[in-house]
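K.L.:
Shown below is the structure under consideration.
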Amino acid sequence: MNSNTFRMPAAVLLATGAVALLTAPPALATGGGGAGAGGEGKAGAVVLRAGLDVGLLNKTVHVPLKATLNEVSAPATAEKTALTVTLDGVEGNKPVSVLRADVATSKATADKNRAEAEANLAKASVHVPGLPLLSLVEVEKVTSKAVCEAGKKPVASANVLGKVTALGKKVTLSAGGPTKLEVPGVGVVNLELSDTQTTSTTAAAAALRLKVSVNPLNLNVAQVDGEIVLAEAHCETPAGPAPSSAPPVNPDVKPQAGTGTGTGSGSGSGIASGGTADANLAETGGGSLTPYVAGGALFLLGIGGVALLVTRRGRAS
């Protein structure tokens with residue numbers, strides 16, 4: 001039985017491989033999947049934050065007063081204009097009105113691109129236990145805002161607008177440092193104006209910060225020490241979306257154009273009017289080395305054909 005199966009000489013394999021390389025289309029690099037989502041930012045705001053220690057006259061104990069008004073974390077909003085707390089042994093166990101205001105709002109929002117928080121307080125008065133008739137501080141308007149946006153530097157701002165009074169006296173605040181107000185027989189209040197802090201990823205602002213040390217000796221209260229913060233906002237920058245992995249477009253690839261001088265349109269075969277087909281074919285070729293590569297391939301094909309003929313003659317004999 002004769003078999004038509006035979007081994008192809010190495011020269012034939014080499015020649016067919018050269019033709020395959022000449023006719024194969026170029027490979028194009030493609031980008032990966034879609035951009036991954038980064039983590040969300042964080043934001044929070046509070047209208048009032050109080051941390052006080054209240055010492056009682058008829059006892060050797062100290063009662064903590066920790067309270068917040070309209071504290072929110074993104075996403076949230078809050079609006080409440082009064083804050084009361086109840087402390088055992090103070091003012092006959094009646095509620096203590098710490099803050100009253102015409103406007104007291106806080107708001108915080110956050111997503112994968114931006115985090116923002118703000119707090120606003122208007123026509124507000126703050127009281128501490130033992131001083132029910134005398135305001136610790138009164139303000140016309142205080143605001144704070146913190147913005148953290150992906151790819152940008154965080155921003156914090158705080159403002160105290162209008163007049164400020166502390167322990168019944170008008171206070172002129174200074175941006176250069178705390179303002180100290182001392183009232184004999186009542187106590188000392190240090191007021192710090194518009195405190196803002198920023199880092200590469202965070203921002204925080206407080207419109208007014210008060211260090212309190214008063215000794216009212218009234219309503220069973222001997223001493224009040226601590227801190228009160230008005231209109232506080234803070235944020236943390238979101239990670240943002242991951243950058244795209246798609247490669248940049250090659251700027252060297254340019255569309256081919258005909259070299260004819262006619263005025264006809266470029267529709268159909270793409271040859272400009274007045275030009276020749278040979279000229280356009282030359283322009284769209286693979287480069288100056290193409291004739292040499294093609295000649296080499298034809299030479300290899302010839303060698304392969306001769307080798308195949310010799311092989312067949314040898315088998316026939």
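By order in the structure tokens, chains are A, B, ...; within a chain, residues start at 1; ligands start at 1, following the order shown.
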Please list as a PyMOL selection string every residue within 10 Å of A:Val139, counting only C-alpha atoms and excluding residues in the same chain fewer than 3 positions away.
P.N.:
chain A and resi 101+121-126+142+160-166+208+230
K.L.:
What would the file look like if the residues just selected were written as a PDB file, in the first residue's frame with N, CA, C and O atoms?
P.N.:
```pdb
ATOM      1  N   ALA A 101     -30.912  78.141  70.657  1.00  0.00           N
ATOM      2  CA  ALA A 101     -30.529  78.869  69.446  1.00  0.00           C
ATOM      3  C   ALA A 101     -31.731  79.013  68.527  1.00  0.00           C
ATOM      4  O   ALA A 101     -32.676  78.230  68.583  1.00  0.00           O
ATOM      5  N   LEU A 121     -24.771  77.726  63.397  1.00  0.00           N
ATOM      6  CA  LEU A 121     -25.423  78.101  64.647  1.00  0.00           C
ATOM      7  C   LEU A 121     -25.677  79.599  64.625  1.00  0.00           C
ATOM      8  O   LEU A 121     -24.781  80.383  64.314  1.00  0.00           O
ATOM      9  N   ALA A 122     -26.908  80.008  64.944  1.00  0.00           N
ATOM     10  CA  ALA A 122     -27.257  81.433  64.909  1.00  0.00           C
ATOM     11  C   ALA A 122     -28.108  81.806  66.108  1.00  0.00           C
ATOM     12  O   ALA A 122     -28.962  81.024  66.541  1.00  0.00           O
ATOM     13  N   LYS A 123     -27.853  83.016  66.642  1.00  0.00           N
ATOM     14  CA  LYS A 123     -28.584  83.535  67.799  1.00  0.00           C
ATOM     15  C   LYS A 123     -28.601  82.504  68.927  1.00  0.00           C
ATOM     16  O   LYS A 123     -29.645  82.063  69.393  1.00  0.00           O
ATOM     17  N   ALA A 124     -27.411  82.160  69.376  1.00  0.00           N
ATOM     18  CA  ALA A 124     -27.278  81.067  70.335  1.00  0.00           C
ATOM     19  C   ALA A 124     -26.699  81.551  71.652  1.00  0.00           C
ATOM     20  O   ALA A 124     -25.883  82.483  71.692  1.00  0.00           O
ATOM     21  N   SER A 125     -27.128  80.897  72.734  1.00  0.00           N
ATOM     22  CA  SER A 125     -26.585  81.163  74.063  1.00  0.00           C
ATOM     23  C   SER A 125     -26.294  79.838  74.752  1.00  0.00           C
ATOM     24  O   SER A 125     -27.066  78.885  74.651  1.00  0.00           O
ATOM     25  N   VAL A 126     -25.134  79.780  75.426  1.00  0.00           N
ATOM     26  CA  VAL A 126     -24.683  78.571  76.107  1.00  0.00           C
ATOM     27  C   VAL A 126     -24.664  78.833  77.604  1.00  0.00           C
ATOM     28  O   VAL A 126     -24.157  79.865  78.066  1.00  0.00           O
ATOM     29  N   VAL A 142     -22.164  81.436  63.980  1.00  0.00           N
ATOM     30  CA  VAL A 142     -20.895  80.724  63.788  1.00  0.00           C
ATOM     31  C   VAL A 142     -21.132  79.610  62.771  1.00  0.00           C
ATOM     32  O   VAL A 142     -22.184  78.973  62.758  1.00  0.00           O
ATOM     33  N   VAL A 160     -16.772  83.241  62.688  1.00  0.00           N
ATOM     34  CA  VAL A 160     -17.578  83.780  63.781  1.00  0.00           C
ATOM     35  C   VAL A 160     -18.011  85.170  63.342  1.00  0.00           C
ATOM     36  O   VAL A 160     -17.193  86.077  63.219  1.00  0.00           O
ATOM     37  N   LEU A 161     -19.312  85.318  63.099  1.00  0.00           N
ATOM     38  CA  LEU A 161     -19.848  86.563  62.560  1.00  0.00           C
ATOM     39  C   LEU A 161     -20.668  87.287  63.624  1.00  0.00           C
ATOM     40  O   LEU A 161     -21.408  86.678  64.386  1.00  0.00           O
ATOM     41  N   GLY A 162     -20.522  88.589  63.656  1.00  0.00           N
ATOM     42  CA  GLY A 162     -21.270  89.376  64.639  1.00  0.00           C
ATOM     43  C   GLY A 162     -20.573  89.404  65.993  1.00  0.00           C
ATOM     44  O   GLY A 162     -19.458  88.917  66.168  1.00  0.00           O
ATOM     45  N   LYS A 163     -21.255  89.954  66.966  1.00  0.00           N
ATOM     46  CA  LYS A 163     -20.650  90.130  68.287  1.00  0.00           C
ATOM     47  C   LYS A 163     -20.689  88.848  69.101  1.00  0.00           C
ATOM     48  O   LYS A 163     -21.519  87.959  68.886  1.00  0.00           O
ATOM     49  N   VAL A 164     -19.760  88.776  70.059  1.00  0.00           N
ATOM     50  CA  VAL A 164     -19.660  87.644  70.977  1.00  0.00           C
ATOM     51  C   VAL A 164     -19.561  88.200  72.388  1.00  0.00           C
ATOM     52  O   VAL A 164     -18.780  89.127  72.654  1.00  0.00           O
ATOM     53  N   THR A 165     -20.357  87.639  73.291  1.00  0.00           N
ATOM     54  CA  THR A 165     -20.270  88.016  74.709  1.00  0.00           C
ATOM     55  C   THR A 165     -19.996  86.772  75.524  1.00  0.00           C
ATOM     56  O   THR A 165     -20.495  85.687  75.225  1.00  0.00           O
ATOM     57  N   ALA A 166     -19.182  86.945  76.577  1.00  0.00           N
ATOM     58  CA  ALA A 166     -18.878  85.849  77.492  1.00  0.00           C
ATOM     59  C   ALA A 166     -19.057  86.351  78.917  1.00  0.00           C
ATOM     60  O   ALA A 166     -18.540  87.418  79.270  1.00  0.00           O
ATOM     61  N   LEU A 208     -15.684  77.966  67.223  1.00  0.00           N
ATOM     62  CA  LEU A 208     -15.373  78.575  68.518  1.00  0.00           C
ATOM     63  C   LEU A 208     -15.134  77.469  69.535  1.00  0.00           C
ATOM     64  O   LEU A 208     -15.945  76.547  69.680  1.00  0.00           O
ATOM     65  N   LEU A 230     -18.181  74.875  69.564  1.00  0.00           N
ATOM     66  CA  LEU A 230     -19.348  75.266  68.775  1.00  0.00           C
ATOM     67  C   LEU A 230     -19.025  75.122  67.288  1.00  0.00           C
ATOM     68  O   LEU A 230     -17.972  75.565  66.823  1.00  0.00           O
TER      69      LEU A 230
END
```
K.L.:
List every residue of stretch 57-269 of chain A that DSSP, applied to the backbone of this structure, assigns to strand (DSSP E), and report them as a PyMOL selection string.
P.N.:
chain A and resi 62-69+72-73+76-79+82-86+95-110+114-126+137-149+155-166+169-171+179-183+187-198+202-214+221-236
K.L.:
Would you mind listing what lies within 7 Å of A:Ser157 as a PDB file with N, CA and C atoms, in the first residue's frame, with only C-alpha atoms counted and same-chain residues fewer than 3 positions away left out?
P.N.:
```pdb
ATOM      1  N   SER A 144     -18.930  76.434  60.288  1.00  0.00           N
ATOM      2  CA  SER A 144     -17.711  75.702  59.955  1.00  0.00           C
ATOM      3  C   SER A 144     -18.012  74.770  58.790  1.00  0.00           C
ATOM      4  N   LYS A 145     -16.968  74.492  57.998  1.00  0.00           N
ATOM      5  CA  LYS A 145     -17.132  73.645  56.825  1.00  0.00           C
ATOM      6  C   LYS A 145     -15.812  72.939  56.524  1.00  0.00           C
ATOM      7  N   ALA A 146     -15.915  71.667  56.130  1.00  0.00           N
ATOM      8  CA  ALA A 146     -14.745  70.880  55.750  1.00  0.00           C
ATOM      9  C   ALA A 146     -15.077  70.131  54.466  1.00  0.00           C
ATOM     10  N   THR A 196      -8.783  75.725  62.615  1.00  0.00           N
ATOM     11  CA  THR A 196      -8.835  74.845  61.448  1.00  0.00           C
ATOM     12  C   THR A 196      -7.534  74.063  61.336  1.00  0.00           C
ATOM     13  N   ALA A 205     -12.541  71.678  61.238  1.00  0.00           N
ATOM     14  CA  ALA A 205     -12.757  73.083  61.572  1.00  0.00           C
ATOM     15  C   ALA A 205     -13.683  73.187  62.766  1.00  0.00           C
TER      16      ALA A 205
END
```
K.L.:
Hey, which of A:Ile228, A:Leu134, A:Ala117, A:Val212 ends up closest to A:Ala156? Count only C-alpha atoms.
P.N.:
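Ranked by minimum distance to A:Ala156, first place goes to A:Ala117.
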K.L.:
Could you work out how far atom CA of A:Glu192 lies from atom CA of A:Gly168, giving the answer in Å with one decimal?
P.N.:
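These atoms are spaced 17.5 Å apart.
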K.L.:
Find the spatial neighbours of A:Leu133, counting only C-alpha atoms, within a cut-off of 12 Å - ignore same-chain residues fewer than 2 positions away - and output them as a compact mmCIF listing (two decimals) with N, CA and C atoms, in the first residue's frame.
P.N.:
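Once written, around.txt looks like this:
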```
# COMPACT_ATOMS: atom_id res chain seq x y z
N VAL A 96 -31.10 71.05 82.93
CA VAL A 96 -30.21 72.18 82.73
C VAL A 96 -30.19 72.50 81.23
N SER A 97 -30.55 73.72 80.90
CA SER A 97 -30.53 74.15 79.50
C SER A 97 -29.12 74.56 79.12
N VAL A 98 -28.44 73.71 78.36
CA VAL A 98 -27.07 73.99 77.97
C VAL A 98 -27.01 74.94 76.78
N SER A 125 -27.13 80.90 72.73
CA SER A 125 -26.59 81.16 74.06
C SER A 125 -26.29 79.84 74.75
N VAL A 126 -25.13 79.78 75.43
CA VAL A 126 -24.68 78.57 76.11
C VAL A 126 -24.66 78.83 77.60
N HIS A 127 -25.22 77.88 78.37
CA HIS A 127 -25.24 77.97 79.83
C HIS A 127 -24.54 76.77 80.43
N VAL A 128 -24.04 76.95 81.66
CA VAL A 128 -23.46 75.86 82.42
C VAL A 128 -24.19 75.77 83.75
N PRO A 129 -24.18 74.61 84.40
CA PRO A 129 -24.85 74.47 85.69
C PRO A 129 -24.33 75.48 86.71
N GLY A 130 -25.23 76.03 87.49
CA GLY A 130 -24.88 77.00 88.52
C GLY A 130 -25.00 78.43 88.06
N LEU A 131 -25.12 78.65 86.76
CA LEU A 131 -25.28 80.00 86.21
C LEU A 131 -26.50 80.02 85.28
N SER A 135 -25.31 83.87 80.84
CA SER A 135 -24.82 83.01 79.75
C SER A 135 -23.31 82.88 79.82
N LEU A 136 -22.85 81.66 79.61
CA LEU A 136 -21.42 81.46 79.50
C LEU A 136 -20.91 82.18 78.26
N VAL A 137 -21.61 82.04 77.13
CA VAL A 137 -21.25 82.72 75.90
C VAL A 137 -22.51 82.89 75.06
N LEU A 167 -19.81 85.59 79.69
CA LEU A 167 -20.11 85.96 81.08
C LEU A 167 -20.65 87.38 81.16
N GLY A 168 -21.45 87.74 80.17
CA GLY A 168 -22.12 89.04 80.16
C GLY A 168 -21.29 90.18 79.64
N PRO A 216 -19.37 79.20 90.34
CA PRO A 216 -20.56 80.02 90.61
C PRO A 216 -21.01 80.01 92.06
N ASN A 218 -23.42 78.56 93.38
CA ASN A 218 -24.86 78.79 93.34
C ASN A 218 -25.54 77.50 92.90
N LEU A 219 -26.75 77.29 93.41
CA LEU A 219 -27.54 76.12 93.07
C LEU A 219 -26.76 74.82 93.28
```
K.L.:
With only C-alpha atoms as the basis for distance, which of A:Ser73, A:Gly187, A:Asn113, A:Ala203 is at the shortest distance from A:Gln223?
P.N.:
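Closest to A:Gln223, using only C-alpha atoms: A:Gly187.
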K.L.:
Quick one: of A:Val46, A:Val85, A:Ala158, A:Val189, who's nearest to A:Ala119, counting only C-alpha atoms?
P.N.:
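Smallest separation from A:Ala119 among the options: A:Val46.
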K.L.:
Hey, which of A:Leu57, A:Arg209, A:Asn120, A:Thr201 ends up closest to A:Pro178? Count only C-alpha atoms.
P.N.:
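Counting only C-alpha atoms, the residue closest to A:Pro178 is A:Arg209.
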